[in-house]
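Content type compact mmCIF, C-alpha atoms and all ligand atoms, from the file structure15.txt:
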# COMPACT_ATOMS: atom_id res chain seq x y z
CA MET A 1 -75.49 5.76 -31.48
CA GLN A 2 -77.13 2.31 -31.69
CA ILE A 3 -74.74 -0.65 -31.89
CA GLY A 4 -75.14 -4.18 -33.23
CA LEU A 5 -72.63 -6.30 -31.28
CA LEU A 6 -71.34 -9.58 -32.73
CA GLY A 7 -69.94 -11.95 -30.09
CA TYR A 8 -70.10 -12.09 -26.32
CA GLY A 9 -66.78 -13.70 -25.40
CA THR A 10 -63.82 -12.26 -23.47
CA VAL A 11 -63.79 -8.94 -25.33
CA GLY A 12 -67.49 -8.76 -26.25
CA LYS A 13 -68.62 -9.16 -22.66
CA ALA A 14 -66.22 -6.45 -21.40
CA PHE A 15 -67.25 -4.14 -24.24
CA TYR A 16 -70.96 -4.62 -23.45
CA ALA A 17 -70.29 -3.66 -19.80
CA LEU A 18 -68.23 -0.59 -20.81
CA CYS A 19 -71.02 0.62 -23.10
CA GLU A 20 -73.48 0.60 -20.22
CA GLU A 21 -71.49 3.52 -18.75
CA GLN A 22 -71.59 5.54 -21.99
CA PRO A 23 -74.45 7.97 -22.54
CA THR A 24 -73.84 8.24 -26.32
CA LEU A 25 -73.53 4.52 -27.10
CA LYS A 26 -76.13 1.77 -26.75
CA VAL A 27 -75.84 -1.91 -27.60
CA ASN A 28 -79.22 -2.34 -29.25
CA THR A 29 -78.78 -5.97 -30.46
CA LEU A 30 -76.36 -8.83 -29.74
CA LEU A 31 -75.64 -11.59 -32.23
CA THR A 32 -75.08 -14.73 -30.16
CA ARG A 33 -75.28 -18.48 -30.61
CA ARG A 34 -76.86 -19.00 -27.18
CA PRO A 35 -79.07 -16.82 -24.96
CA ARG A 36 -77.21 -14.56 -22.56
CA GLY A 37 -80.13 -13.06 -20.62
CA LEU A 38 -79.15 -9.46 -21.37
CA VAL A 39 -81.45 -6.44 -21.47
CA CYS A 40 -80.62 -5.82 -25.15
CA ARG A 41 -82.25 -7.76 -27.98
CA GLU A 42 -80.47 -11.07 -28.65
CA VAL A 43 -80.56 -12.59 -32.14
CA SER A 44 -79.04 -15.62 -33.82
CA SER A 45 -79.16 -14.26 -37.39
CA PHE A 46 -76.88 -11.45 -38.60
CA GLU A 47 -79.59 -10.38 -41.09
CA GLU A 48 -81.59 -8.96 -38.19
CA ILE A 49 -78.73 -6.55 -37.44
CA LEU A 50 -78.06 -5.81 -41.10
CA ASN A 51 -81.69 -4.97 -41.83
CA ASP A 52 -82.22 -2.83 -38.73
CA ALA A 53 -81.96 0.77 -39.96
CA THR A 54 -81.61 2.11 -36.42
CA ILE A 55 -78.24 0.32 -36.03
CA GLU A 56 -75.52 2.62 -37.36
CA LEU A 57 -72.47 0.79 -36.00
CA VAL A 58 -71.53 -2.90 -36.05
CA VAL A 59 -68.90 -4.09 -33.55
CA GLU A 60 -67.42 -7.43 -34.65
CA LEU A 61 -65.90 -9.45 -31.79
CA ILE A 62 -66.47 -13.05 -32.92
CA GLY A 63 -62.93 -13.52 -34.30
CA GLY A 64 -61.74 -15.76 -37.18
CA ILE A 65 -62.01 -15.04 -40.89
CA HIS A 66 -65.42 -16.52 -41.75
CA PRO A 67 -68.15 -15.45 -41.22
CA ALA A 68 -66.49 -12.30 -39.78
CA TYR A 69 -65.46 -11.17 -43.29
CA GLU A 70 -68.99 -11.64 -44.69
CA TYR A 71 -70.53 -9.78 -41.72
CA ILE A 72 -68.07 -6.86 -41.88
CA SER A 73 -68.25 -6.41 -45.64
CA SER A 74 -72.04 -6.56 -45.77
CA ALA A 75 -72.31 -4.09 -42.88
CA LEU A 76 -70.03 -1.64 -44.73
CA ARG A 77 -72.07 -2.10 -47.94
CA ALA A 78 -75.20 -1.33 -45.90
CA LYS A 79 -73.46 1.93 -44.88
CA LYS A 80 -72.97 0.95 -41.27
CA HIS A 81 -69.72 1.88 -39.52
CA VAL A 82 -67.64 -1.09 -38.35
CA VAL A 83 -65.29 -1.53 -35.40
CA THR A 84 -63.42 -4.81 -35.03
CA ALA A 85 -60.60 -6.28 -32.92
CA ASN A 86 -60.00 -9.00 -35.51
CA LYS A 87 -56.47 -8.78 -36.95
CA ALA A 88 -56.87 -11.97 -38.98
CA VAL A 89 -59.76 -10.69 -41.09
CA VAL A 90 -58.49 -7.10 -41.52
CA CYS A 91 -55.06 -8.39 -42.48
CA ALA A 92 -56.43 -10.88 -45.01
CA TYR A 93 -58.87 -8.39 -46.64
CA TYR A 94 -57.14 -5.07 -45.88
CA ARG A 95 -57.48 -3.31 -49.23
CA GLU A 96 -61.00 -4.54 -49.91
CA LEU A 97 -62.34 -3.52 -46.49
CA VAL A 98 -60.60 -0.13 -46.49
CA ASN A 99 -61.97 0.58 -49.98
CA LEU A 100 -65.46 -0.63 -49.07
CA ALA A 101 -65.55 1.77 -46.12
CA ALA A 102 -64.40 4.67 -48.32
CA GLU A 103 -66.86 3.86 -51.14
CA ASN A 104 -69.76 3.75 -48.70
CA GLY A 105 -68.70 6.84 -46.75
CA VAL A 106 -68.48 4.99 -43.44
CA CYS A 107 -65.78 4.40 -40.87
CA LEU A 108 -63.78 1.20 -40.35
CA ARG A 109 -61.56 0.99 -37.27
CA CYS A 110 -59.57 -1.85 -35.72
CA THR A 111 -57.37 -0.27 -33.03
CA ALA A 112 -57.67 -3.27 -30.69
CA ALA A 113 -56.39 -5.60 -33.42
CA ALA A 114 -52.73 -4.66 -32.80
CA GLY A 115 -51.50 -3.88 -29.32
CA GLY A 116 -54.74 -4.92 -27.52
CA GLY A 117 -55.31 -2.08 -25.06
CA ILE A 118 -52.55 0.23 -26.35
CA PRO A 119 -53.74 3.08 -28.61
CA TRP A 120 -51.11 2.02 -31.15
CA LEU A 121 -52.89 1.98 -34.52
CA SER A 122 -54.78 5.17 -33.67
CA SER A 123 -51.45 6.83 -32.80
CA ILE A 124 -49.91 5.66 -36.07
CA GLY A 125 -52.95 7.10 -37.89
CA ARG A 126 -52.56 10.41 -36.04
CA VAL A 127 -48.81 10.73 -36.71
CA ALA A 128 -49.14 9.59 -40.35
CA ARG A 129 -51.43 12.56 -41.01
CA MET A 130 -48.77 15.09 -39.98
CA ASP A 131 -45.34 13.48 -40.40
CA LYS A 132 -43.55 10.82 -42.41
CA ILE A 133 -43.28 7.54 -40.47
CA THR A 134 -40.06 5.75 -41.39
CA ALA A 135 -40.29 2.68 -39.13
CA VAL A 136 -42.55 0.77 -36.77
CA GLU A 137 -41.29 -1.90 -34.44
CA GLY A 138 -41.85 -3.62 -31.17
CA ILE A 139 -42.92 -6.45 -28.94
CA LEU A 140 -46.40 -7.22 -30.25
CA ASN A 141 -47.11 -10.65 -28.80
CA GLY A 142 -47.67 -11.13 -25.08
CA THR A 143 -47.45 -14.94 -25.09
CA THR A 144 -43.96 -15.08 -26.54
CA ASN A 145 -42.83 -12.17 -24.39
CA TYR A 146 -44.02 -14.06 -21.31
CA ILE A 147 -42.13 -17.21 -22.34
CA LEU A 148 -38.91 -15.36 -23.24
CA SER A 149 -39.03 -13.25 -20.06
CA GLU A 150 -39.42 -16.35 -17.91
CA MET A 151 -36.72 -18.25 -19.82
CA THR A 152 -34.41 -15.29 -19.10
CA ALA A 153 -35.39 -14.91 -15.44
CA ARG A 154 -35.54 -18.59 -14.45
CA ASN A 155 -33.23 -20.39 -16.84
CA ALA A 156 -36.17 -22.68 -17.66
CA ALA A 157 -36.70 -24.55 -20.94
CA TYR A 158 -39.04 -23.37 -23.68
CA GLY A 159 -41.34 -26.43 -23.55
CA GLU A 160 -41.85 -26.20 -19.80
CA LEU A 161 -42.75 -22.49 -20.01
CA LEU A 162 -45.09 -23.00 -22.94
CA LYS A 163 -47.07 -25.47 -20.82
CA GLU A 164 -47.10 -22.98 -17.96
CA ALA A 165 -48.30 -20.18 -20.28
CA GLN A 166 -51.12 -22.47 -21.47
CA GLN A 167 -52.15 -23.22 -17.86
CA LEU A 168 -52.17 -19.49 -17.06
CA GLY A 169 -54.34 -18.77 -20.11
CA TYR A 170 -51.60 -16.72 -21.89
CA ALA A 171 -51.20 -19.31 -24.65
CA GLU A 172 -53.83 -21.12 -26.74
CA ALA A 173 -54.15 -24.92 -26.77
CA ASP A 174 -52.67 -24.66 -30.29
CA PRO A 175 -49.93 -22.05 -29.74
CA THR A 176 -48.58 -22.05 -33.33
CA ASP A 177 -49.76 -18.55 -34.30
CA ASP A 178 -48.10 -17.04 -31.24
CA VAL A 179 -44.87 -19.01 -30.92
CA GLU A 180 -44.05 -19.07 -34.64
CA GLY A 181 -44.51 -15.29 -34.86
CA TYR A 182 -47.57 -15.31 -37.17
CA ASP A 183 -49.71 -13.29 -34.74
CA ALA A 184 -46.98 -10.62 -34.43
CA ARG A 185 -46.60 -10.63 -38.23
CA ARG A 186 -50.31 -9.85 -38.75
CA LYS A 187 -50.05 -6.98 -36.28
CA LEU A 188 -46.95 -5.78 -38.12
CA VAL A 189 -48.81 -5.82 -41.44
CA LEU A 190 -51.59 -3.65 -39.97
CA SER A 191 -49.07 -1.28 -38.37
CA ALA A 192 -46.90 -0.93 -41.48
CA ASN A 193 -49.84 -0.61 -43.87
CA LEU A 194 -51.18 2.27 -41.84
CA ALA A 195 -47.77 3.88 -41.24
CA PHE A 196 -46.65 3.74 -44.88
CA SER A 197 -50.05 3.82 -46.66
CA ALA A 198 -48.90 0.48 -47.98
CA LEU A 199 -50.22 -2.94 -48.74
CA LEU A 200 -47.85 -5.58 -47.39
CA ARG A 201 -48.58 -9.27 -47.77
CA GLU A 202 -48.24 -11.42 -44.68
CA GLN A 203 -46.61 -14.24 -46.58
CA ASP A 204 -43.85 -11.97 -47.97
CA ILE A 205 -42.55 -11.13 -44.50
CA PRO A 206 -39.87 -13.48 -43.14
CA CYS A 207 -40.93 -14.79 -39.77
CA ILE A 208 -38.83 -16.61 -37.17
CA GLY A 209 -40.63 -17.45 -33.94
CA ILE A 210 -39.27 -18.60 -30.59
CA SER A 211 -40.03 -22.34 -30.69
CA ARG A 212 -36.40 -23.28 -31.38
CA MET A 213 -34.87 -21.05 -28.73
CA THR A 214 -32.84 -22.92 -26.14
CA VAL A 215 -31.51 -22.33 -22.65
CA ALA A 216 -28.06 -22.04 -24.33
CA ASP A 217 -29.24 -19.12 -26.51
CA ILE A 218 -30.55 -17.31 -23.44
CA ALA A 219 -27.34 -17.99 -21.47
CA TRP A 220 -25.17 -16.81 -24.38
CA ALA A 221 -27.04 -13.49 -24.39
CA ARG A 222 -27.03 -13.12 -20.62
CA GLU A 223 -23.23 -13.50 -20.47
CA ARG A 224 -22.98 -10.50 -22.77
CA GLY A 225 -25.53 -8.32 -20.96
CA LEU A 226 -28.13 -8.92 -23.70
CA VAL A 227 -31.78 -10.03 -23.62
CA TRP A 228 -33.85 -11.78 -26.32
CA LYS A 229 -37.18 -10.29 -27.46
CA LEU A 230 -39.42 -11.33 -30.32
CA ILE A 231 -39.46 -8.20 -32.46
CA ALA A 232 -41.68 -7.31 -35.39
CA ARG A 233 -40.14 -4.51 -37.46
CA ALA A 234 -40.83 -2.65 -40.68
CA GLU A 235 -38.80 0.21 -42.09
CA LYS A 236 -39.38 2.18 -45.27
CA LYS A 237 -36.61 3.54 -47.42
CA GLY A 238 -37.56 5.08 -50.76
CA ASP A 239 -40.05 2.77 -52.43
CA ALA A 240 -39.06 -0.34 -50.50
CA VAL A 241 -39.85 -1.82 -47.14
CA SER A 242 -37.73 -4.08 -44.99
CA ALA A 243 -39.94 -6.15 -42.70
CA PHE A 244 -39.43 -9.20 -40.52
CA VAL A 245 -40.40 -10.93 -37.29
CA CYS A 246 -37.41 -12.36 -35.48
CA PRO A 247 -35.92 -12.93 -32.00
CA THR A 248 -33.64 -9.93 -31.47
CA LEU A 249 -31.00 -9.05 -28.88
CA PHE A 250 -31.22 -5.87 -26.76
CA PRO A 251 -28.80 -4.52 -24.15
CA ALA A 252 -30.28 -5.27 -20.70
CA ALA A 253 -30.83 -1.59 -19.82
CA THR A 254 -33.08 -0.79 -22.82
CA PRO A 255 -36.87 -0.42 -22.47
CA GLU A 256 -37.36 -3.41 -24.80
CA ALA A 257 -35.21 -5.68 -22.59
CA GLN A 258 -37.09 -4.51 -19.54
CA THR A 259 -40.55 -5.18 -20.98
CA ASN A 260 -41.46 -8.40 -19.21
CA GLY A 261 -44.39 -10.77 -18.84
CA SER A 262 -47.27 -10.43 -21.29
CA ALA A 263 -46.75 -6.67 -21.81
CA ASN A 264 -46.26 -5.09 -25.25
CA LEU A 265 -43.92 -2.24 -26.21
CA VAL A 266 -44.20 -0.61 -29.62
CA SER A 267 -42.42 2.32 -31.18
CA LEU A 268 -42.73 4.44 -34.27
CA TYR A 269 -40.06 6.63 -35.84
CA ALA A 270 -41.08 9.74 -37.78
CA GLY A 271 -39.02 12.40 -39.56
CA ARG A 272 -39.87 15.39 -37.40
CA ILE A 273 -41.45 13.82 -34.33
CA GLY A 274 -38.64 11.32 -33.77
CA LYS A 275 -39.28 8.15 -31.77
CA GLN A 276 -42.52 7.59 -29.85
CA SER A 277 -43.05 4.47 -27.76
CA PHE A 278 -46.17 2.97 -26.22
CA SER A 279 -46.34 0.22 -23.67
CA GLY A 280 -49.12 -1.58 -21.85
CA ALA A 281 -51.44 -4.57 -21.95
CA GLY A 282 -51.42 -6.14 -25.40
CA ALA A 283 -54.42 -8.36 -24.59
CA GLY A 284 -57.10 -9.09 -22.00
CA GLY A 285 -60.83 -8.40 -21.99
CA TRP A 286 -60.88 -4.96 -20.36
CA PRO A 287 -57.85 -3.39 -22.08
CA THR A 288 -58.91 -4.68 -25.50
CA ALA A 289 -62.55 -3.66 -25.03
CA SER A 290 -61.35 -0.19 -24.00
CA ASN A 291 -59.71 0.27 -27.39
CA VAL A 292 -62.88 -0.99 -29.09
CA LEU A 293 -64.85 1.54 -27.07
CA ALA A 294 -62.39 4.33 -28.00
CA ASP A 295 -62.96 3.54 -31.69
CA CYS A 296 -66.74 3.68 -31.17
CA LEU A 297 -66.48 7.02 -29.38
CA GLN A 298 -64.41 8.40 -32.28
CA ILE A 299 -67.15 7.35 -34.67
CA ALA A 300 -69.91 8.75 -32.46
CA GLY A 301 -67.85 11.95 -32.37
CA GLY A 302 -67.90 12.24 -36.17
CA ALA A 303 -64.94 10.21 -37.52
CA ALA A 304 -66.05 9.11 -40.95
CA SER A 305 -63.29 7.17 -42.66
CA PHE A 306 -60.48 4.71 -42.04
CA TYR A 307 -57.53 6.08 -40.02
CA SER A 308 -56.25 7.71 -43.19
CA ASP A 309 -57.83 8.68 -46.49
CA ARG A 310 -54.61 8.01 -48.37
CA GLU A 311 -54.65 5.56 -51.23
CA VAL A 312 -52.89 2.31 -50.28
CA ALA A 313 -50.40 0.81 -52.73
CA PRO A 314 -48.46 -2.47 -52.72
CA LEU A 315 -44.83 -2.05 -51.63
CA PRO A 316 -42.19 -4.72 -52.25
CA ILE A 317 -40.48 -6.31 -49.27
CA CYS A 318 -36.71 -6.31 -49.82
CA ASN A 319 -34.77 -7.29 -46.73
CA ASP A 320 -31.70 -7.92 -48.87
CA GLY A 321 -32.13 -4.81 -51.01
CA GLU A 322 -29.39 -3.51 -53.22
CA PRO A 323 -27.09 -1.75 -52.78
CA LYS A 324 -26.80 -2.88 -49.15
CA THR A 325 -29.82 -0.83 -48.03
CA TRP A 326 -30.30 -2.89 -44.89
CA LEU A 327 -27.52 -4.18 -42.68
CA PHE A 328 -28.23 -6.48 -39.75
CA ARG A 329 -25.99 -8.20 -37.27
CA SER A 330 -27.04 -11.82 -37.09
CA TYR A 331 -26.80 -14.57 -34.51
CA GLY A 332 -26.49 -18.16 -35.62
CA ARG A 333 -26.26 -21.38 -33.64
CA TYR A 334 -24.62 -24.21 -35.57
CA ALA A 335 -24.78 -27.91 -34.82
CA VAL A 336 -21.25 -28.62 -36.10
CA ARG A 337 -17.96 -29.91 -34.72
CA GLN A 338 -15.52 -27.22 -33.58
CA GLU A 339 -13.17 -27.71 -36.51
CA THR A 340 -15.92 -27.25 -39.05
CA VAL A 341 -17.27 -23.93 -37.77
CA ALA A 342 -15.20 -22.07 -40.32
CA ASP A 343 -16.75 -24.25 -43.06
CA ALA A 344 -20.21 -23.54 -41.64
CA LEU A 345 -19.47 -19.81 -41.76
CA GLU A 346 -18.34 -20.14 -45.38
CA ALA A 347 -21.52 -22.06 -46.24
CA PHE A 348 -23.72 -19.51 -44.47
CA ALA A 349 -21.88 -16.68 -46.20
CA ALA A 350 -22.45 -18.36 -49.56
CA VAL A 351 -26.23 -18.66 -49.14
CA SER A 352 -26.65 -15.24 -47.55
CA GLU A 353 -24.18 -13.51 -49.91
CA ILE A 354 -22.28 -12.14 -46.93
CA ASP A 355 -18.50 -11.83 -46.85
CA PRO A 356 -17.26 -14.34 -44.19
CA GLY A 357 -14.74 -11.69 -43.09
CA ALA A 358 -17.68 -9.39 -42.36
CA LEU A 359 -19.33 -12.16 -40.33
CA LEU A 360 -16.22 -12.57 -38.18
CA ALA A 361 -16.03 -8.80 -37.76
CA HIS A 362 -19.51 -8.92 -36.21
CA LEU A 363 -18.33 -10.90 -33.23
CA PRO A 364 -19.15 -10.98 -30.33
CA TYR A 365 -22.69 -11.17 -31.73
CA GLY A 366 -21.68 -14.20 -33.79
CA MET A 367 -21.29 -17.67 -32.34
CA LEU A 368 -17.51 -18.26 -32.23
N1 LIG B 401 -58.92 -11.73 -25.93
C1 LIG B 401 -58.02 -10.80 -26.16
O1 LIG B 401 -57.23 -10.45 -25.27
C2 LIG B 401 -57.94 -10.13 -27.49
C3 LIG B 401 -56.95 -9.13 -27.70
C4 LIG B 401 -56.91 -8.46 -28.93
C5 LIG B 401 -57.79 -8.82 -29.93
N2 LIG B 401 -58.71 -9.82 -29.71
C6 LIG B 401 -59.60 -10.17 -30.80
O2 LIG B 401 -60.94 -9.95 -30.36
C7 LIG B 401 -61.80 -10.89 -31.03
C8 LIG B 401 -62.62 -11.64 -29.97
O3 LIG B 401 -61.71 -12.32 -29.13
P1 LIG B 401 -62.20 -13.00 -27.76
O4 LIG B 401 -60.96 -13.29 -27.00
O5 LIG B 401 -63.28 -12.20 -27.15
O6 LIG B 401 -62.80 -14.38 -28.31
P2 LIG B 401 -63.77 -15.41 -27.54
O7 LIG B 401 -63.64 -15.26 -26.08
O8 LIG B 401 -63.53 -16.73 -28.17
O9 LIG B 401 -65.22 -14.89 -27.94
C9 LIG B 401 -65.77 -15.02 -29.21
C10 LIG B 401 -67.28 -14.97 -29.05
O10 LIG B 401 -67.84 -14.92 -30.36
C11 LIG B 401 -68.88 -15.89 -30.42
N3 LIG B 401 -68.98 -16.36 -31.81
C12 LIG B 401 -68.04 -16.98 -32.54
N4 LIG B 401 -68.52 -17.24 -33.76
C13 LIG B 401 -69.78 -16.78 -33.80
C14 LIG B 401 -70.79 -16.76 -34.79
N5 LIG B 401 -70.59 -17.26 -36.00
N6 LIG B 401 -71.99 -16.21 -34.48
C15 LIG B 401 -72.20 -15.68 -33.25
N7 LIG B 401 -71.29 -15.68 -32.26
C16 LIG B 401 -70.09 -16.22 -32.53
C17 LIG B 401 -68.49 -16.99 -29.46
O11 LIG B 401 -69.67 -17.64 -29.10
P3 LIG B 401 -69.73 -18.99 -28.24
O12 LIG B 401 -69.60 -18.50 -26.82
O13 LIG B 401 -71.06 -19.54 -28.57
O14 LIG B 401 -68.58 -19.83 -28.69
C18 LIG B 401 -67.86 -16.18 -28.32
O15 LIG B 401 -68.85 -15.73 -27.41
C19 LIG B 401 -60.88 -11.79 -31.87
O16 LIG B 401 -60.84 -11.32 -33.19
C20 LIG B 401 -59.53 -11.62 -31.20
O17 LIG B 401 -58.45 -11.83 -32.09
C21 LIG B 401 -58.80 -10.47 -28.51
This structure in structure tokens:
Amino acid sequence: MQIGLLGYGTVGKAFYALCEEQPTLKVNTLLTRRPRGLVCREVSSFEEILNDATIELVVELIGGIHPAYEYISSALRAKKHVVTANKAVVCAYYRELVNLAAENGVCLRCTAAAGGGIPWLSSIGRVARMDKITAVEGILNGTTNYILSEMTARNAAYGELLKEAQQLGYAEADPTDDVEGYDARRKLVLSANLAFSALLREQDIPCIGISRMTVADIAWARERGLVWKLIARAEKKGDAVSAFVCPTLFPAATPEAQTNGSANLVSLYAGRIGKQSFSGAGAGGWPTASNVLADCLQIAGGAASFYSDREVAPLPICNDGEPKTWLFRSYGRYAVRQETVADALEAFAAVSEIDPGALLAHLPYGML
């Protein structure tokens, strides 16, 4: 199968090298902004790939929303299969791109977009065909997991570790998407959409990142044998979905608590299969390119649709659903004098519609 490759960065370069070992796949043309001296044809205009009838598969690895969206949608309209690692564009145009692939009888796959090198989305697609997935959850962002793991291990402050993560290349110069949880939220949208045949909107999902976590929060957890992890979670009950991204406490012996550094750990829960977990490298050129390659091999092997043919439908997010569908223990840190903690609890209870007695009953996970 002849491939038109868009982008020759961290993932594109690794993918190109992996393809050289594959007898059934050939990168015929590379779209690049500067010459790379490769044996394949190098072009600077996407039209040359679009109009080449010998290219059946476009692999988009340039990142960002534009022009990635225009390239992907026109490739699908031209009845070319598309593989991408770009969570931002698939998340923003999920329904349109899935429908375009179906209307044109071609395959769209994006396994590397959530979980990097872990076959996470493809596993969700496989399980969703034979069982009912009730929840997806996990550690989906390596940068924040690195920072939290090091805060826990070394008692170091968030700001210091963010700088270190940037020096090591784990965090971007502008770390907002990672540290505020937006990257994990996009991956959650892709995971939940596929798991529930749904159409969640990024902006509807509450998202609390790690940028306000302090050494005191970490110490408080440690004293109780607990460890903080940034968790993205979606659960379906009836016609509603609870979904959020939020720092969450785990007992120290659990697999989540023991997932350290930039690793990811994701789990799905299904009615008959039960819980399945996957762990591994959530980013990096080789792991990510391996998932891109796996998608291409699926297509070369005859896969001809999105992961699922099921119709996707919008589902409301209702984290505070009635009647008490979802119950969470919460941790709060209050900047108040000792004698006003009870008032703070009352105020919190008023805005969150929680009985203050119930809050006190949740100790020791509360702050008193
Ligand atoms: N890196 C990871 O670990 C990882 C993990 C999971 C998913 N992903 C996803 O994989 C995709 C690629 O990531 P990456 O890390 O490989 O990015 P990268 O290293 O920044 O590479 C992007 C490449 O695309 C090229 N490019 C950008 N815009 C272009 C355009 N309009 N026309 C032609 N070429 C263009 C860039 O060219 P120049 O060299 O000229 O700038 C660069 O070579 C992204 O969607 C990312 O979210 C990455």
Item to check | Given 7 Å and all atoms listed in the file, residues near ligand LIG 401 (chain B) as a ChimeraX atom specification | outcome: /A:6-12,31-34,44,61-64,67,85-87,112-114,116,282-285,288
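From CA of Ile205 in chain A back to CA of Gly117 in chain A, the distance works out to 25.0 Å.
In this comparison, which uses only C-alpha atoms, the residue of A:Gln22, A:Asn51, A:Ser308, A:Ser74 approaching Ala198 in chain A most closely is A:Ser308.
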Checklist entry - Neighbours of Glu70 in chain A within 12 Å (all atoms listed in the file; same-chain residues fewer than 2 positions away dropped), as an MDAnalysis selection string? => result chainID A and resid 46:47 50 60 64:68 72:77 89:90 93 96:97
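Nearest residue to Arg310 in chain A among A:Cys40, A:Ala128, A:Ile3, A:Ala17 is A:Ala128, counting only C-alpha atoms.
In this model, the gap between CA of Arg185 in chain A and CA of Cys91 in chain A comes to 9.7 Å.
Each of A:Leu249, A:Ala173, A:Leu5, A:Leu121 was checked against Val136 in chain A using all atoms listed in the file; the smallest atom-to-atom distance is that of A:Leu121.
From CA of Cys246 in chain A back to CA of Arg233 in chain A, the distance works out to 8.5 Å.
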Checklist entry - Using only C-alpha atoms, which of the listed residues (A:Glu137, A:Asp174, A:Asp295, A:Glu48) sits closest to Ser191 in chain A? => result A:Glu137
Checklist entry - Which residues, protein or nucleic acid, reach to within 6 Å of (-75.3, -0.5, -30.5) in the file's coordinates when using all atoms listed in the file, and can you give that as a count of residues only? => result 6
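Residue nearest Ser197 in chain A, chosen from A:Pro287, A:Gly142, A:Pro314, A:Gly225 and counting all atoms listed in the file: A:Pro314.
Distances here use all atoms listed in the file; by that measure, the residue among A:Ala221, A:Ile124, A:Leu315, A:Val43 closest to Leu200 in chain A is A:Leu315.
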Using all atoms listed in the file, find all polymer residues with an atom at most 12 Å away from the point (-67.1, 3.7, -45.9); report them as a PDB file with C-alpha atoms, in the coordinates of the input.
ATOM      1  CA  LEU A  57     -72.470   0.790 -36.000  1.00  0.00           C
ATOM      2  CA  ILE A  72     -68.070  -6.860 -41.880  1.00  0.00           C
ATOM      3  CA  SER A  73     -68.250  -6.410 -45.640  1.00  0.00           C
ATOM      4  CA  SER A  74     -72.040  -6.560 -45.770  1.00  0.00           C
ATOM      5  CA  ALA A  75     -72.310  -4.090 -42.880  1.00  0.00           C
ATOM      6  CA  LEU A  76     -70.030  -1.640 -44.730  1.00  0.00           C
ATOM      7  CA  ARG A  77     -72.070  -2.100 -47.940  1.00  0.00           C
ATOM      8  CA  ALA A  78     -75.200  -1.330 -45.900  1.00  0.00           C
ATOM      9  CA  LYS A  79     -73.460   1.930 -44.880  1.00  0.00           C
ATOM     10  CA  LYS A  80     -72.970   0.950 -41.270  1.00  0.00           C
ATOM     11  CA  HIS A  81     -69.720   1.880 -39.520  1.00  0.00           C
ATOM     12  CA  VAL A  82     -67.640  -1.090 -38.350  1.00  0.00           C
ATOM     13  CA  VAL A  83     -65.290  -1.530 -35.400  1.00  0.00           C
ATOM     14  CA  GLU A  96     -61.000  -4.540 -49.910  1.00  0.00           C
ATOM     15  CA  LEU A  97     -62.340  -3.520 -46.490  1.00  0.00           C
ATOM     16  CA  VAL A  98     -60.600  -0.130 -46.490  1.00  0.00           C
ATOM     17  CA  ASN A  99     -61.970   0.580 -49.980  1.00  0.00           C
ATOM     18  CA  LEU A 100     -65.460  -0.630 -49.070  1.00  0.00           C
ATOM     19  CA  ALA A 101     -65.550   1.770 -46.120  1.00  0.00           C
ATOM     20  CA  ALA A 102     -64.400   4.670 -48.320  1.00  0.00           C
ATOM     21  CA  GLU A 103     -66.860   3.860 -51.140  1.00  0.00           C
ATOM     22  CA  ASN A 104     -69.760   3.750 -48.700  1.00  0.00           C
ATOM     23  CA  GLY A 105     -68.700   6.840 -46.750  1.00  0.00           C
ATOM     24  CA  VAL A 106     -68.480   4.990 -43.440  1.00  0.00           C
ATOM     25  CA  CYS A 107     -65.780   4.400 -40.870  1.00  0.00           C
ATOM     26  CA  LEU A 108     -63.780   1.200 -40.350  1.00  0.00           C
ATOM     27  CA  ARG A 109     -61.560   0.990 -37.270  1.00  0.00           C
ATOM     28  CA  ILE A 299     -67.150   7.350 -34.670  1.00  0.00           C
ATOM     29  CA  ALA A 303     -64.940  10.210 -37.520  1.00  0.00           C
ATOM     30  CA  ALA A 304     -66.050   9.110 -40.950  1.00  0.00           C
ATOM     31  CA  SER A 305     -63.290   7.170 -42.660  1.00  0.00           C
ATOM     32  CA  PHE A 306     -60.480   4.710 -42.040  1.00  0.00           C
ATOM     33  CA  TYR A 307     -57.530   6.080 -40.020  1.00  0.00           C
ATOM     34  CA  SER A 308     -56.250   7.710 -43.190  1.00  0.00           C
ATOM     35  CA  ASP A 309     -57.830   8.680 -46.490  1.00  0.00           C
TER      36      ASP A 309
END
Might I get the box with edges along x, y and z of the file that holds all atoms of range 294-307 of chain A listed there, padded by 5 Å on every side, given as centre and edge lengths in Å to one decimal, as JSON?
{"center_x": -63.7, "center_y": 7.9, "center_z": -35.3, "size_x": 22.4, "size_y": 18.7, "size_z": 24.7}
Next on the checklist: For Gly209 in chain A, find every residue with an atom within 7 Å (counting all atoms listed in the file), except residues of its own chain fewer than 3 positions away, and show them as a ChimeraX atom specification.
Outcome noted: /A:179-181,246-247
Checklist entry - Near Ala281 in chain A, within 12 Å and counting all atoms listed in the file, which residues show up once chain neighbours fewer than 4 positions away are dropped, as a ChimeraX atom specification? => result /A:112,114-120,139-143,145,259-266,285-291
